[in-house]
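Undergrad: Handing you a structure now.
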There are 2 protein chains.
Amino acid sequence: MQDEARLTLVFSVLADPTRRAILARLARGEATVSELAEPFDLRQPTISKHLRILEEAGFIRQERDAQRRPRTLVVGGPLEDIDTWLTPFREQWERRFDALESFLDKKPRRAKKDK
Amino acid sequence: MQDEARLTLVFSVLADPTRRAILARLARGEATVSELAEPFDLRQPTISKHLRILEEAGFIRQERDAQRRPRTLVVGGPLEDIDTWLTPFREQWERRFDALESFLDKKPRRAKKDK
């Protein structure tokens, strides 16, 4: 899949509060389907559908524990692609905050001089 | 708008390659509608629609230059919300990489001992 098509998929997958909550839970450690279903008022097939979408897009994977089949976050997965995609924007807002900071640093000195 | 509803909107807005390209262009500095339309094989109404969506979601704004009406990125806008949302995941993958690194650091020492 091309980078842009992949990013489009990744952002669409995240445009769902249940899927974001599942990822947030997995950031704290692996969990089984029933553990993941617990906080939501959703039937297991609905949760399983969300898990399949997250797995197909590369966010999560199933561990090889045949009985519990816990899910874990994939390290270096699509969330890191988003982090990388944010880089030029982060640089831009950091530059602007630096400019604001140096403006505020200069302000009091100039005020003293005027007095 | 609630935080979760807002994040859902923000991720949906980004699930479009043209809108991401417009944001990437604006990360390099302000631009007029025709400058933004140039790299795309799209009619101006289509670009204007994307700009309206980006503006309504708080990503960009119009500068007060009545003639040129350039668009700029909003500093501290939704992209920073995504950056904040990524924090626990970033911490998780940094922890895992640290663990891998310390595992690799220990490896050669143990190998020497065994010989």
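Letters for chains follow the order of the structure tokens (A, B, ...), residue numbers begin at 1 for each chain, and ligand numbers begin at 1 in the order shown.
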Among chain B, which ones does DSSP place in alpha helix (DSSP H), written as a PyMOL selection string?
TA: chain B and resi 3-14+17-27+33-37+44-56+78-114
Undergrad: Do you have, as CSV, the list of residues of region 3-28 of chain A lying at most 7 Å from region 5-8 of chain B, each with its nearest atom pair and that distance in Å to one decimal, counting only C-alpha atoms and ordered by chain then number?
TA:
residue,atom,partner,partner_atom,distance
A:Ala15,CA,B:Thr8,CA,4.4
A:Asp16,CA,B:Thr8,CA,5.8
A:Pro17,CA,B:Thr8,CA,6.6
Undergrad: Would you give me, as a short mmCIF file (atom, residue, chain, number, x, y, z; two decimals) with all heavy atoms, in the first residue's frame, the residues of chain B that come within 7 Å of chain A, using only C-alpha atoms?
TA:
data_model
loop_
_atom_site.label_atom_id
_atom_site.label_comp_id
_atom_site.auth_asym_id
_atom_site.auth_seq_id
_atom_site.Cartn_x
_atom_site.Cartn_y
_atom_site.Cartn_z
N GLU B 4 -13.72 13.49 23.07
CA GLU B 4 -13.73 12.31 22.20
C GLU B 4 -14.38 12.61 20.85
O GLU B 4 -13.88 12.19 19.81
CB GLU B 4 -14.42 11.12 22.89
CG GLU B 4 -13.55 10.43 23.93
CD GLU B 4 -12.21 9.92 23.39
OE1 GLU B 4 -12.16 9.51 22.22
OE2 GLU B 4 -11.24 9.96 24.14
N THR B 8 -12.58 12.45 17.20
CA THR B 8 -13.17 11.70 16.08
C THR B 8 -13.23 12.59 14.84
O THR B 8 -12.85 12.18 13.74
CB THR B 8 -14.57 11.18 16.47
OG1 THR B 8 -14.42 10.27 17.56
CG2 THR B 8 -15.26 10.47 15.31
N LEU B 9 -13.66 13.83 15.03
CA LEU B 9 -13.72 14.79 13.92
C LEU B 9 -12.32 15.04 13.35
O LEU B 9 -12.11 14.98 12.12
CB LEU B 9 -14.35 16.11 14.39
CG LEU B 9 -14.29 17.27 13.38
CD1 LEU B 9 -15.22 17.01 12.21
CD2 LEU B 9 -14.62 18.59 14.04
N PHE B 11 -9.57 13.22 13.46
CA PHE B 11 -9.03 12.08 12.72
C PHE B 11 -9.76 11.90 11.38
O PHE B 11 -9.13 11.56 10.38
CB PHE B 11 -9.09 10.79 13.56
CG PHE B 11 -7.98 10.69 14.58
CD1 PHE B 11 -8.27 10.62 15.94
CD2 PHE B 11 -6.65 10.66 14.19
CE1 PHE B 11 -7.25 10.52 16.89
CE2 PHE B 11 -5.62 10.56 15.12
CZ PHE B 11 -5.92 10.49 16.47
N SER B 12 -11.08 12.14 11.35
CA SER B 12 -11.81 12.01 10.06
C SER B 12 -11.31 13.04 9.06
O SER B 12 -11.17 12.74 7.88
CB SER B 12 -13.32 12.23 10.20
OG SER B 12 -13.80 11.77 11.41
N LEU B 14 -8.42 14.27 8.82
CA LEU B 14 -7.08 13.90 8.34
C LEU B 14 -7.08 12.65 7.46
O LEU B 14 -6.06 12.34 6.83
CB LEU B 14 -6.13 13.70 9.53
CG LEU B 14 -5.81 14.97 10.32
CD1 LEU B 14 -4.98 14.64 11.54
CD2 LEU B 14 -5.07 15.99 9.45
N ALA B 15 -8.21 11.95 7.42
CA ALA B 15 -8.30 10.73 6.59
C ALA B 15 -8.55 11.11 5.13
O ALA B 15 -9.38 10.50 4.45
CB ALA B 15 -9.39 9.81 7.13
N ASP B 16 -7.86 12.13 4.65
CA ASP B 16 -8.00 12.58 3.27
C ASP B 16 -6.65 13.13 2.79
O ASP B 16 -6.13 14.07 3.40
CB ASP B 16 -9.07 13.68 3.20
CG ASP B 16 -9.25 14.19 1.78
OD1 ASP B 16 -8.40 15.00 1.33
OD2 ASP B 16 -10.20 13.77 1.10
N PRO B 17 -6.10 12.55 1.71
CA PRO B 17 -4.74 12.93 1.28
C PRO B 17 -4.63 14.39 0.83
O PRO B 17 -3.59 15.02 1.07
CB PRO B 17 -4.44 11.97 0.12
CG PRO B 17 -5.74 11.37 -0.27
CD PRO B 17 -6.64 11.43 0.92
N ALA B 27 2.46 24.15 6.60
CA ALA B 27 3.52 24.03 7.61
C ALA B 27 4.77 24.79 7.16
O ALA B 27 5.60 25.17 7.98
CB ALA B 27 3.86 22.56 7.88
N VAL B 75 -1.63 27.54 15.34
CA VAL B 75 -0.68 26.98 16.30
C VAL B 75 -1.45 26.49 17.52
O VAL B 75 -2.36 27.17 18.00
CB VAL B 75 0.39 28.02 16.71
CG1 VAL B 75 1.31 27.47 17.78
CG2 VAL B 75 1.20 28.45 15.50
N PRO B 88 0.79 8.55 25.69
CA PRO B 88 0.94 7.25 26.35
C PRO B 88 1.50 6.17 25.42
O PRO B 88 2.22 5.28 25.88
CB PRO B 88 -0.49 6.89 26.78
CG PRO B 88 -1.39 7.80 26.03
CD PRO B 88 -0.60 9.03 25.74
N PHE B 89 1.17 6.25 24.12
CA PHE B 89 1.67 5.25 23.18
C PHE B 89 3.17 5.44 22.95
O PHE B 89 3.94 4.49 22.91
CB PHE B 89 0.92 5.34 21.85
CG PHE B 89 -0.56 5.18 22.03
CD1 PHE B 89 -1.40 6.26 21.99
CD2 PHE B 89 -1.10 3.92 22.28
CE1 PHE B 89 -2.77 6.12 22.18
CE2 PHE B 89 -2.46 3.77 22.47
CZ PHE B 89 -3.30 4.87 22.43
N GLN B 92 4.99 4.08 25.72
CA GLN B 92 5.01 2.63 25.69
C GLN B 92 6.07 2.11 24.72
O GLN B 92 6.84 1.23 25.04
CB GLN B 92 3.62 2.10 25.32
CG GLN B 92 3.35 0.69 25.80
CD GLN B 92 3.13 -0.26 24.65
OE1 GLN B 92 3.43 0.04 23.51
NE2 GLN B 92 2.57 -1.41 24.98
N TRP B 93 6.14 2.69 23.50
CA TRP B 93 7.13 2.17 22.56
C TRP B 93 8.55 2.58 22.95
O TRP B 93 9.48 1.83 22.70
CB TRP B 93 6.76 2.40 21.10
CG TRP B 93 6.91 3.76 20.48
CD1 TRP B 93 8.07 4.46 20.33
CD2 TRP B 93 5.89 4.56 19.86
NE1 TRP B 93 7.82 5.64 19.68
CE2 TRP B 93 6.50 5.72 19.38
CE3 TRP B 93 4.52 4.38 19.66
CZ2 TRP B 93 5.78 6.73 18.72
CZ3 TRP B 93 3.81 5.37 19.00
CH2 TRP B 93 4.43 6.54 18.56
#
Undergrad: Extract, using only C-alpha atoms, all DNA, RNA and protein residues at most 7 Å from region 47-58 of chain A, discarding same-chain residues fewer than 3 positions from it, and format them as a list of chain:residue names.
TA: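 The residues satisfying every condition are A:Val10, A:Arg19, A:Ala37, A:Leu42, A:Arg43, A:Gln44, A:Arg61, A:Val74, A:Gly77, A:Pro78.
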Undergrad: Would you mind reading off the distance between CA of Arg25 (chain A) and CA of Thr72 (chain A), one decimal, in Å?
TA: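 Going from CA of Arg25 (chain A) over to CA of Thr72 (chain A), I get 9.7 Å.
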